[in-house]
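Report on the following structure.
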Amino acid sequence: MLMGFVFGVLFCSNRETNIGVAVDEPPDVRECFGMVFPDPGNLDFGSVPVGGTPEETLLLLNEGGCLAQVLSLSWADGSGPFEFDPPESMLIPEGDVLPLTVRFSPEEPGDYEGALWVETDLGDVWEISVTGQGYSGQPEVTPEAIAFESVAVGCSVSETFTLTNAGNSRLEVRSASGLEGTPFALEDELPVALDEAESHAFTVTFRPTEGGAYEEVLHLVLDDAVVPDLDLAITAEALDEAPVERRRTWRADTPADLLLAVSTTESMAPHLDDLDDGFPAMLDALDATGVDWQVGIVTQDGGCVLGETPVVHPGQSAGLQEATLRTMLWSPPESGSEDARRPLALASAALSADNIGAAGCNEGLRRDGATLGIIGVINGPDQSPDPVADYLATFEAVAGEPDLLTVHGVGAPDGGCNGIPFSAGLAEAIEETGGALYPICASDLGEGLDWVARRAVADPLRFYLPEEPEVFSLTVEVDGAPLSAGWSWDATLNAVIFDISPEDGAEVVVRYQPLEDCEG
């Protein structure tokens, strides 16, 4: 074992010993040499889990011809996570060994290195490198607690927290508990494994069904026996706020009359092109409802629908339907007319007794017992001269029953869009009748006409809502009885869809929290 030989062969003479053995040489005159070296020369514990305490044996071998004594046995720069058991004797007879038990106890992940200093009376000096790595997944959570803002009952809101593995080995979240039977839920699918320095954003959802203050603790079970499981405090407050309520007297087989009152000012020109392009989508949407529908378009002061017929209906071919609608919209142009910016006034004129009566220019535009859906189209406020209430009274009289009337629109929403001011007046009529307003600034007015036309008829299977609801909060009631099955939610149509049509005359109520309110 010449690899451990540092100082060479050491000679000694006139050395006193305490060994009580008879020798041939004269006392105190014996010549001897000695050499002590470690085995192994360097001690490496390898990777050790944090919290573990493995042991290794280091041997000090006396290969010389004399008794050796260890004078110094210590850590060069402090022991750190390393330690050894002091030997019972520091003497090493010739040819013998002194075993040392060395332990490594890492408390944190990382690489560790120590130096064990050994010095003997024979002049041997060794600095033995002792190394090891502590490994563990080390979780760090941000934020340390979750506090939801005040949430209305029926809303569903979410918050996230991020778990980062700051250790040097794989960390796994095996399971979670503590939220069972509460309005909180951990949305992530477990287990979730994180490699070194990897992070994962977990989602916690709060869906209160009753008002009050809530406080729970989410317990995450980790796979690392050394690292304790995690607890995350979650607090929230639920407010008892009344939901929006939409009612409809169901009409299972009711025909629908639709009238588009369109502004034709010069600034409307690009929107009229878009409207024209959207006719096929509107016609497809009406066919999809299964309702017996008819549509007319009015643009002129006198209120007469242009063309040979005042209506388009399902009995016509698609080509004839589209051609007739374009005739109603475009010829002859009347951009300078008095009612060019007055959709409500245009509709009122179109539905006057003279125009819809026998031999009137719009004869056949209105059918008894049919729903009446009026759709105003304008890029700005409706400048009709009379109060909105007066126009609604006129429309209700034509409809025959208030429940048969709805007003809708393609216009500028509250706050305007793309520099176009709010479509006041028209928007008021829409609000009063539970209609829908589609933004005229949208890139696809075909989608808008689809959206509005569906809501302007008594669809026998679909209850359309004017705003997007928080789906978790939706409840459906038919004639006072809650309906827990037999319906579904269609996010694309923004409608409750029934498996089977409610009976004719049934009172259907849909309640919900608007998504916009839930999102704060």
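In the structure tokens, chains take the letters A, B, ... in the order shown, each chain's residues start at 1, and ligands count up from 1 in the order shown.
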Shell around Trp487 (chain A) at 8 Å using only C-alpha atoms, local window under 5 positions removed, as number ranges by chain: A: 496-499
With all heavy atoms kept, could you save the residues just selected as a compact mmCIF listing (two decimals), in the first residue's frame?
# COMPACT_ATOMS: atom_id res chain seq x y z
N VAL A 496 -79.87 27.66 -21.81
CA VAL A 496 -80.30 26.42 -21.18
C VAL A 496 -81.06 25.63 -22.24
O VAL A 496 -81.99 26.15 -22.87
CB VAL A 496 -81.21 26.69 -19.97
CG1 VAL A 496 -81.82 25.40 -19.45
CG2 VAL A 496 -80.42 27.40 -18.87
N ILE A 497 -80.67 24.37 -22.44
CA ILE A 497 -81.31 23.54 -23.45
C ILE A 497 -82.05 22.40 -22.76
O ILE A 497 -81.45 21.63 -22.00
CB ILE A 497 -80.28 22.99 -24.45
CG1 ILE A 497 -79.55 24.14 -25.15
CG2 ILE A 497 -80.97 22.08 -25.47
CD1 ILE A 497 -78.56 23.70 -26.17
N PHE A 498 -83.34 22.30 -23.02
CA PHE A 498 -84.16 21.24 -22.43
C PHE A 498 -84.11 19.99 -23.28
O PHE A 498 -84.09 20.06 -24.52
CB PHE A 498 -85.61 21.72 -22.29
CG PHE A 498 -85.80 22.80 -21.26
CD1 PHE A 498 -85.80 24.14 -21.65
CD2 PHE A 498 -85.95 22.49 -19.92
CE1 PHE A 498 -85.96 25.15 -20.71
CE2 PHE A 498 -86.11 23.50 -18.97
CZ PHE A 498 -86.11 24.82 -19.36
N ASP A 499 -84.11 18.84 -22.61
CA ASP A 499 -84.18 17.58 -23.35
C ASP A 499 -85.54 17.44 -24.04
O ASP A 499 -85.63 16.96 -25.18
CB ASP A 499 -83.97 16.40 -22.39
CG ASP A 499 -82.59 16.42 -21.75
OD1 ASP A 499 -81.71 17.14 -22.26
OD2 ASP A 499 -82.40 15.73 -20.73
Residues within 12 Å of Pro280 (chain A), only C-alpha atoms, excluding chain neighbours under 5 positions, as an MDAnalysis selection string: chainID A and resid 274:275 285:287 317:323 325:326 445:450 453
Dump as an mmCIF file, in the first residue's frame, selection limited to N, CA, C and O atoms:
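Dumped to part_27.cif:
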data_model
loop_
_atom_site.group_PDB
_atom_site.id
_atom_site.type_symbol
_atom_site.label_atom_id
_atom_site.label_comp_id
_atom_site.auth_asym_id
_atom_site.auth_seq_id
_atom_site.Cartn_x
_atom_site.Cartn_y
_atom_site.Cartn_z
ATOM 1 N N ASP A 274 -71.550 44.239 -43.888
ATOM 2 C CA ASP A 274 -71.391 43.122 -42.951
ATOM 3 C C ASP A 274 -72.738 42.462 -42.660
ATOM 4 O O ASP A 274 -72.832 41.229 -42.525
ATOM 5 N N LEU A 275 -73.774 43.296 -42.550
ATOM 6 C CA LEU A 275 -75.116 42.771 -42.288
ATOM 7 C C LEU A 275 -75.565 41.879 -43.437
ATOM 8 O O LEU A 275 -76.108 40.781 -43.231
ATOM 9 N N ALA A 285 -79.782 29.978 -38.471
ATOM 10 C CA ALA A 285 -80.118 29.971 -37.046
ATOM 11 C C ALA A 285 -81.624 29.852 -36.851
ATOM 12 O O ALA A 285 -82.099 29.100 -35.982
ATOM 13 N N LEU A 286 -82.390 30.565 -37.651
ATOM 14 C CA LEU A 286 -83.844 30.492 -37.530
ATOM 15 C C LEU A 286 -84.357 29.099 -37.881
ATOM 16 O O LEU A 286 -85.242 28.557 -37.210
ATOM 17 N N ASP A 287 -83.800 28.493 -38.928
ATOM 18 C CA ASP A 287 -84.200 27.129 -39.284
ATOM 19 C C ASP A 287 -83.889 26.152 -38.150
ATOM 20 O O ASP A 287 -84.646 25.208 -37.904
ATOM 21 N N SER A 317 -86.899 29.184 -51.173
ATOM 22 C CA SER A 317 -85.559 28.611 -51.311
ATOM 23 C C SER A 317 -84.549 29.531 -50.644
ATOM 24 O O SER A 317 -84.800 30.734 -50.448
ATOM 25 N N ALA A 318 -83.408 28.985 -50.325
ATOM 26 C CA ALA A 318 -82.373 29.791 -49.667
ATOM 27 C C ALA A 318 -81.951 30.947 -50.556
ATOM 28 O O ALA A 318 -81.740 32.074 -50.079
ATOM 29 N N GLY A 319 -81.824 30.702 -51.849
ATOM 30 C CA GLY A 319 -81.420 31.766 -52.758
ATOM 31 C C GLY A 319 -82.431 32.889 -52.800
ATOM 32 O O GLY A 319 -82.071 34.077 -52.815
ATOM 33 N N LEU A 320 -83.735 32.527 -52.843
ATOM 34 C CA LEU A 320 -84.783 33.540 -52.878
ATOM 35 C C LEU A 320 -84.836 34.308 -51.552
ATOM 36 O O LEU A 320 -85.033 35.525 -51.539
ATOM 37 N N GLN A 321 -84.625 33.598 -50.453
ATOM 38 C CA GLN A 321 -84.613 34.256 -49.138
ATOM 39 C C GLN A 321 -83.538 35.340 -49.092
ATOM 40 O O GLN A 321 -83.804 36.487 -48.708
ATOM 41 N N GLU A 322 -82.327 34.987 -49.485
ATOM 42 C CA GLU A 322 -81.219 35.936 -49.416
ATOM 43 C C GLU A 322 -81.428 37.093 -50.385
ATOM 44 O O GLU A 322 -81.160 38.265 -50.049
ATOM 45 N N ALA A 323 -81.897 36.811 -51.575
ATOM 46 C CA ALA A 323 -82.124 37.877 -52.563
ATOM 47 C C ALA A 323 -83.197 38.839 -52.073
ATOM 48 O O ALA A 323 -83.080 40.072 -52.239
ATOM 49 N N LEU A 325 -84.059 39.509 -48.930
ATOM 50 C CA LEU A 325 -83.522 40.308 -47.827
ATOM 51 C C LEU A 325 -82.625 41.431 -48.356
ATOM 52 O O LEU A 325 -82.655 42.558 -47.834
ATOM 53 N N ARG A 326 -81.852 41.153 -49.377
ATOM 54 C CA ARG A 326 -80.961 42.189 -49.938
ATOM 55 C C ARG A 326 -81.783 43.289 -50.625
ATOM 56 O O ARG A 326 -81.416 44.473 -50.561
ATOM 57 N N LEU A 445 -70.683 40.033 -38.075
ATOM 58 C CA LEU A 445 -72.086 40.327 -37.801
ATOM 59 C C LEU A 445 -72.984 39.143 -38.149
ATOM 60 O O LEU A 445 -74.141 39.094 -37.722
ATOM 61 N N GLY A 446 -72.458 38.193 -38.918
ATOM 62 C CA GLY A 446 -73.220 36.965 -39.150
ATOM 63 C C GLY A 446 -73.447 36.243 -37.840
ATOM 64 O O GLY A 446 -74.548 35.762 -37.549
ATOM 65 N N GLU A 447 -72.415 36.180 -37.028
ATOM 66 C CA GLU A 447 -72.548 35.585 -35.704
ATOM 67 C C GLU A 447 -73.529 36.392 -34.855
ATOM 68 O O GLU A 447 -74.311 35.847 -34.076
ATOM 69 N N GLY A 448 -73.476 37.732 -35.032
ATOM 70 C CA GLY A 448 -74.381 38.586 -34.275
ATOM 71 C C GLY A 448 -75.829 38.368 -34.659
ATOM 72 O O GLY A 448 -76.720 38.305 -33.798
ATOM 73 N N LEU A 449 -76.108 38.247 -35.971
ATOM 74 C CA LEU A 449 -77.476 37.997 -36.402
ATOM 75 C C LEU A 449 -77.956 36.622 -35.952
ATOM 76 O O LEU A 449 -79.138 36.445 -35.611
ATOM 77 N N ASP A 450 -77.065 35.641 -35.961
ATOM 78 C CA ASP A 450 -77.379 34.314 -35.413
ATOM 79 C C ASP A 450 -77.787 34.455 -33.951
ATOM 80 O O ASP A 450 -78.829 33.951 -33.511
ATOM 81 N N ALA A 453 -81.175 36.653 -33.635
ATOM 82 C CA ALA A 453 -82.363 36.040 -34.227
ATOM 83 C C ALA A 453 -82.882 34.881 -33.381
ATOM 84 O O ALA A 453 -84.102 34.699 -33.225
#
Filtered DSSP result for region 118-347 of chain A, state helix (DSSP H, G or I), as a PyMOL selection string: chain A and resi 266-277+279-289+318-330+343-347
Polymer residues at most 12 Å from Ala481 (chain A), only C-alpha atoms, same-chain spacing of 6 or more positions, as a short mmCIF file (atom, residue, chain, number, x, y, z; two decimals) with N, CA and C atoms, in the first residue's frame:
data_model
loop_
_atom_site.label_atom_id
_atom_site.label_comp_id
_atom_site.auth_asym_id
_atom_site.auth_seq_id
_atom_site.Cartn_x
_atom_site.Cartn_y
_atom_site.Cartn_z
N THR A 475 -79.81 27.64 -11.79
CA THR A 475 -80.92 26.80 -11.35
C THR A 475 -82.08 27.00 -12.31
N ALA A 506 -96.27 26.83 -19.63
CA ALA A 506 -95.52 26.63 -18.39
C ALA A 506 -94.71 27.88 -18.05
N GLU A 507 -94.56 28.16 -16.76
CA GLU A 507 -93.76 29.29 -16.32
C GLU A 507 -92.35 28.78 -16.01
N VAL A 508 -91.38 29.18 -16.82
CA VAL A 508 -90.00 28.72 -16.67
C VAL A 508 -89.17 29.86 -16.10
N VAL A 509 -88.41 29.54 -15.04
CA VAL A 509 -87.58 30.54 -14.37
C VAL A 509 -86.15 30.02 -14.32
N VAL A 510 -85.22 30.84 -14.76
CA VAL A 510 -83.78 30.52 -14.68
C VAL A 510 -83.12 31.58 -13.80
#
Would you mind listing what lies within 10 Å of Asp368 (chain A) as a compact mmCIF listing (two decimals) with N, CA, C and O atoms, in the first residue's frame, with only C-alpha atoms counted and same-chain residues fewer than 5 positions away left out?
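selection_0.txt, freshly written:
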# COMPACT_ATOMS: atom_id res chain seq x y z
N PRO A 255 -95.51 30.57 -33.66
CA PRO A 255 -94.77 31.17 -34.78
C PRO A 255 -94.10 32.47 -34.35
O PRO A 255 -94.42 33.05 -33.31
N ASP A 257 -92.68 36.33 -35.73
CA ASP A 257 -92.53 37.41 -36.71
C ASP A 257 -91.35 38.27 -36.29
O ASP A 257 -91.31 38.76 -35.15
N VAL A 398 -99.49 45.86 -30.83
CA VAL A 398 -99.43 45.06 -32.06
C VAL A 398 -99.23 43.59 -31.73
O VAL A 398 -99.83 42.71 -32.37
N ALA A 399 -98.39 43.30 -30.73
CA ALA A 399 -98.12 41.91 -30.35
C ALA A 399 -99.36 41.25 -29.77
O ALA A 399 -99.57 40.04 -29.92
N GLY A 400 -100.19 42.03 -29.08
CA GLY A 400 -101.40 41.48 -28.47
C GLY A 400 -101.21 41.13 -27.01
O GLY A 400 -102.11 41.28 -26.19
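Closest approach to Ala347 (chain A) among A:Pro314, A:Gly290, A:Gly65, A:Gly373 is made by A:Gly373 (distances from only C-alpha atoms).
From CA of Val452 (chain A) back to CA of Val410 (chain A), the distance works out to 8.0 Å.
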Which residues come within 10 Å of Leu194 (chain A), counting only C-alpha atoms, excluding same-chain residues fewer than 5 positions away, as an mmCIF file with N, CA and C atoms, in the first residue's frame?
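Contents of result.cif, as written:
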data_model
loop_
_atom_site.group_PDB
_atom_site.id
_atom_site.type_symbol
_atom_site.label_atom_id
_atom_site.label_comp_id
_atom_site.auth_asym_id
_atom_site.auth_seq_id
_atom_site.Cartn_x
_atom_site.Cartn_y
_atom_site.Cartn_z
ATOM 1 N N GLY A 137 -36.258 16.334 -1.494
ATOM 2 C CA GLY A 137 -37.123 17.334 -2.073
ATOM 3 C C GLY A 137 -37.411 18.371 -0.990
ATOM 4 N N PRO A 139 -39.892 21.487 -0.337
ATOM 5 C CA PRO A 139 -41.011 22.264 -0.881
ATOM 6 C C PRO A 139 -41.007 23.719 -0.400
ATOM 7 N N LEU A 163 -46.161 25.504 -5.810
ATOM 8 C CA LEU A 163 -45.247 24.661 -5.038
ATOM 9 C C LEU A 163 -43.986 24.460 -5.865
ATOM 10 N N THR A 164 -42.847 24.842 -5.297
ATOM 11 C CA THR A 164 -41.551 24.716 -5.971
ATOM 12 C C THR A 164 -40.690 23.722 -5.213
ATOM 13 N N ASN A 165 -40.026 22.837 -5.944
ATOM 14 C CA ASN A 165 -39.079 21.906 -5.331
ATOM 15 C C ASN A 165 -37.719 22.578 -5.279
ATOM 16 N N ALA A 166 -37.364 23.119 -4.105
ATOM 17 C CA ALA A 166 -36.077 23.786 -3.929
ATOM 18 C C ALA A 166 -34.994 22.820 -3.488
ATOM 19 N N GLY A 167 -35.305 21.534 -3.418
ATOM 20 C CA GLY A 167 -34.314 20.540 -3.019
ATOM 21 C C GLY A 167 -33.521 20.021 -4.203
ATOM 22 N N SER A 169 -33.621 16.587 -5.119
ATOM 23 C CA SER A 169 -34.132 15.291 -5.547
ATOM 24 C C SER A 169 -35.624 15.426 -5.828
ATOM 25 N N ARG A 170 -36.169 14.447 -6.454
ATOM 26 C CA ARG A 170 -37.566 14.444 -6.864
ATOM 27 C C ARG A 170 -38.494 14.562 -5.652
ATOM 28 N N LEU A 171 -39.550 15.330 -5.817
ATOM 29 C CA LEU A 171 -40.543 15.528 -4.762
ATOM 30 C C LEU A 171 -41.913 15.222 -5.354
ATOM 31 N N GLU A 172 -42.725 14.509 -4.618
ATOM 32 C CA GLU A 172 -44.039 14.134 -5.133
ATOM 33 C C GLU A 172 -45.126 14.459 -4.124
ATOM 34 N N VAL A 173 -46.173 15.138 -4.602
ATOM 35 C CA VAL A 173 -47.371 15.359 -3.795
ATOM 36 C C VAL A 173 -48.302 14.184 -4.077
ATOM 37 N N SER A 199 -41.583 23.682 -10.666
ATOM 38 C CA SER A 199 -42.713 24.259 -9.948
ATOM 39 C C SER A 199 -44.023 23.777 -10.558
ATOM 40 N N HIS A 200 -45.074 23.837 -9.743
ATOM 41 C CA HIS A 200 -46.415 23.511 -10.222
ATOM 42 C C HIS A 200 -47.407 24.454 -9.564
#
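Minimum atom-to-atom distances from A:Val130, A:Ala152, A:Ala389, A:Ile146 to Leu232 (chain A) were compared using only C-alpha atoms, and the lowest value belongs to A:Ile146.
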Strand (DSSP E or B) residues, from DSSP on the backbone, in region 387-437 of chain A, as a PyMOL selection string: chain A and resi 405-411+417+420+437
File dump, residues just selected, N, CA and C atoms, as a PDB file, in the first residue's frame:
ATOM      1  N   LEU A 405     -93.680  40.032 -26.949  1.00  0.00           N
ATOM      2  CA  LEU A 405     -92.783  41.051 -27.510  1.00  0.00           C
ATOM      3  C   LEU A 405     -91.382  40.978 -26.904  1.00  0.00           C
ATOM      4  N   THR A 406     -90.382  41.065 -27.776  1.00  0.00           N
ATOM      5  CA  THR A 406     -89.000  41.322 -27.344  1.00  0.00           C
ATOM      6  C   THR A 406     -88.355  42.263 -28.345  1.00  0.00           C
ATOM      7  N   VAL A 407     -87.509  43.160 -27.807  1.00  0.00           N
ATOM      8  CA  VAL A 407     -86.737  44.071 -28.653  1.00  0.00           C
ATOM      9  C   VAL A 407     -85.271  43.703 -28.512  1.00  0.00           C
ATOM     10  N   HIS A 408     -84.580  43.645 -29.628  1.00  0.00           N
ATOM     11  CA  HIS A 408     -83.163  43.278 -29.655  1.00  0.00           C
ATOM     12  C   HIS A 408     -82.419  44.315 -30.488  1.00  0.00           C
ATOM     13  N   GLY A 409     -81.101  44.140 -30.587  1.00  0.00           N
ATOM     14  CA  GLY A 409     -80.370  45.118 -31.370  1.00  0.00           C
ATOM     15  C   GLY A 409     -78.973  44.686 -31.752  1.00  0.00           C
ATOM     16  N   VAL A 410     -78.484  45.287 -32.814  1.00  0.00           N
ATOM     17  CA  VAL A 410     -77.077  45.259 -33.191  1.00  0.00           C
ATOM     18  C   VAL A 410     -76.634  46.718 -33.114  1.00  0.00           C
ATOM     19  N   GLY A 411     -75.868  47.048 -32.097  1.00  0.00           N
ATOM     20  CA  GLY A 411     -75.505  48.440 -31.851  1.00  0.00           C
ATOM     21  C   GLY A 411     -74.296  48.532 -30.941  1.00  0.00           C
ATOM     22  N   CYS A 417     -67.978  51.475 -28.594  1.00  0.00           N
ATOM     23  CA  CYS A 417     -66.953  50.566 -29.116  1.00  0.00           C
ATOM     24  C   CYS A 417     -66.362  51.177 -30.383  1.00  0.00           C
ATOM     25  N   ILE A 420     -67.614  54.411 -31.545  1.00  0.00           N
ATOM     26  CA  ILE A 420     -69.057  54.534 -31.796  1.00  0.00           C
ATOM     27  C   ILE A 420     -69.756  54.710 -30.455  1.00  0.00           C
ATOM     28  N   LEU A 437     -78.431  42.651 -26.947  1.00  0.00           N
ATOM     29  CA  LEU A 437     -77.718  43.629 -27.782  1.00  0.00           C
ATOM     30  C   LEU A 437     -76.379  43.039 -28.195  1.00  0.00           C
TER      31      LEU A 437
END
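Distance-wise, CA of Leu474 (chain A) and CA of Gln513 (chain A) end up 7.5 Å apart.
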Residues within 9 Å of region 109-119 of chain A, only C-alpha atoms, excluding chain neighbours under 5 positions, as a PDB file with C-alpha atoms, in the first residue's frame:
ATOM      1  CA  SER A  47     -25.905  10.400  -1.594  1.00  0.00           C
ATOM      2  CA  PRO A  49     -31.323  11.296   2.389  1.00  0.00           C
ATOM      3  CA  VAL A  50     -31.654  14.323   4.633  1.00  0.00           C
ATOM      4  CA  GLN A  69       0.325   6.321  18.989  1.00  0.00           C
ATOM      5  CA  VAL A  70      -2.230   8.716  17.489  1.00  0.00           C
ATOM      6  CA  LEU A  71      -1.477  12.116  18.920  1.00  0.00           C
ATOM      7  CA  SER A  72      -4.202  14.094  17.170  1.00  0.00           C
ATOM      8  CA  LEU A  73      -7.551  13.066  15.700  1.00  0.00           C
ATOM      9  CA  SER A  74      -9.822  15.977  14.803  1.00  0.00           C
ATOM     10  CA  TRP A  75     -11.784  17.781  12.084  1.00  0.00           C
ATOM     11  CA  ALA A  76      -9.733  20.402  10.308  1.00  0.00           C
ATOM     12  CA  ASP A  77     -12.522  22.986   9.884  1.00  0.00           C
ATOM     13  CA  GLY A  78     -15.217  21.815  12.242  1.00  0.00           C
ATOM     14  CA  SER A  79     -17.153  18.640  11.746  1.00  0.00           C
ATOM     15  CA  GLY A  80     -20.259  19.987  10.018  1.00  0.00           C
ATOM     16  CA  PRO A  81     -22.578  17.041   9.460  1.00  0.00           C
ATOM     17  CA  PHE A  82     -19.695  14.577  10.037  1.00  0.00           C
ATOM     18  CA  ASP A 124       2.688  10.525  10.162  1.00  0.00           C
ATOM     19  CA  VAL A 125       0.335  13.340   9.223  1.00  0.00           C
ATOM     20  CA  TRP A 126      -2.789  12.737   7.186  1.00  0.00           C
ATOM     21  CA  GLU A 127      -5.661  14.996   6.090  1.00  0.00           C
ATOM     22  CA  ILE A 128      -8.389  12.607   5.036  1.00  0.00           C
ATOM     23  CA  SER A 129     -11.133  14.016   2.810  1.00  0.00           C
ATOM     24  CA  VAL A 130     -14.641  13.029   3.939  1.00  0.00           C
ATOM     25  CA  THR A 131     -17.479  13.870   1.524  1.00  0.00           C
ATOM     26  CA  GLY A 132     -21.181  13.229   1.114  1.00  0.00           C
ATOM     27  CA  GLN A 133     -24.334  14.634  -0.428  1.00  0.00           C
ATOM     28  CA  GLY A 134     -27.575  15.221   1.433  1.00  0.00           C
ATOM     29  CA  TYR A 135     -30.549  14.857  -0.856  1.00  0.00           C
ATOM     30  CA  SER A 136     -34.206  15.659  -0.378  1.00  0.00           C
ATOM     31  CA  GLY A 137     -37.123  17.334  -2.073  1.00  0.00           C
ATOM     32  CA  GLN A 138     -37.573  20.690  -0.365  1.00  0.00           C
ATOM     33  CA  GLY A 167     -34.314  20.540  -3.019  1.00  0.00           C
ATOM     34  CA  ASN A 168     -31.975  18.366  -5.051  1.00  0.00           C
ATOM     35  CA  SER A 169     -34.132  15.291  -5.547  1.00  0.00           C
TER      36      SER A 169
END
Pairwise distance for CA of Val102 (chain A) and CA of Asp85 (chain A), rounded to one decimal in Å: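 That distance, rounded to one decimal, is 6.8 Å.
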Top pick for closest residue to Leu351 (chain A), considering A:Glu396, A:Glu198, A:Asp229, A:Glu401 and counting only C-alpha atoms: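 For Leu351 (chain A), the nearest of the candidates is A:Glu396.
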Selected residue, from A:Leu59, A:Ala201, A:Leu365, A:Leu404, that lies nearest to Thr254 (chain A) when counting only C-alpha atoms: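 Closest candidate: A:Leu404.
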Which of A:Gly435, A:Gly505, A:Pro106, A:Gly303 sits closest to Pro460 (chain A) [using only C-alpha atoms]: A:Gly505
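Minimum atom-to-atom distances from A:Leu218, A:Ala393, A:Ala429, A:Val36 to Leu186 (chain A) were compared using only C-alpha atoms, and the lowest value belongs to A:Leu218.
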Close residues, region 381-387 of chain A itself excluded, 12 Å, only C-alpha atoms, min 6 positions apart in chain, as a ChimeraX atom specification: /A:261-263,301,338-349,393-394,409-416,420-430
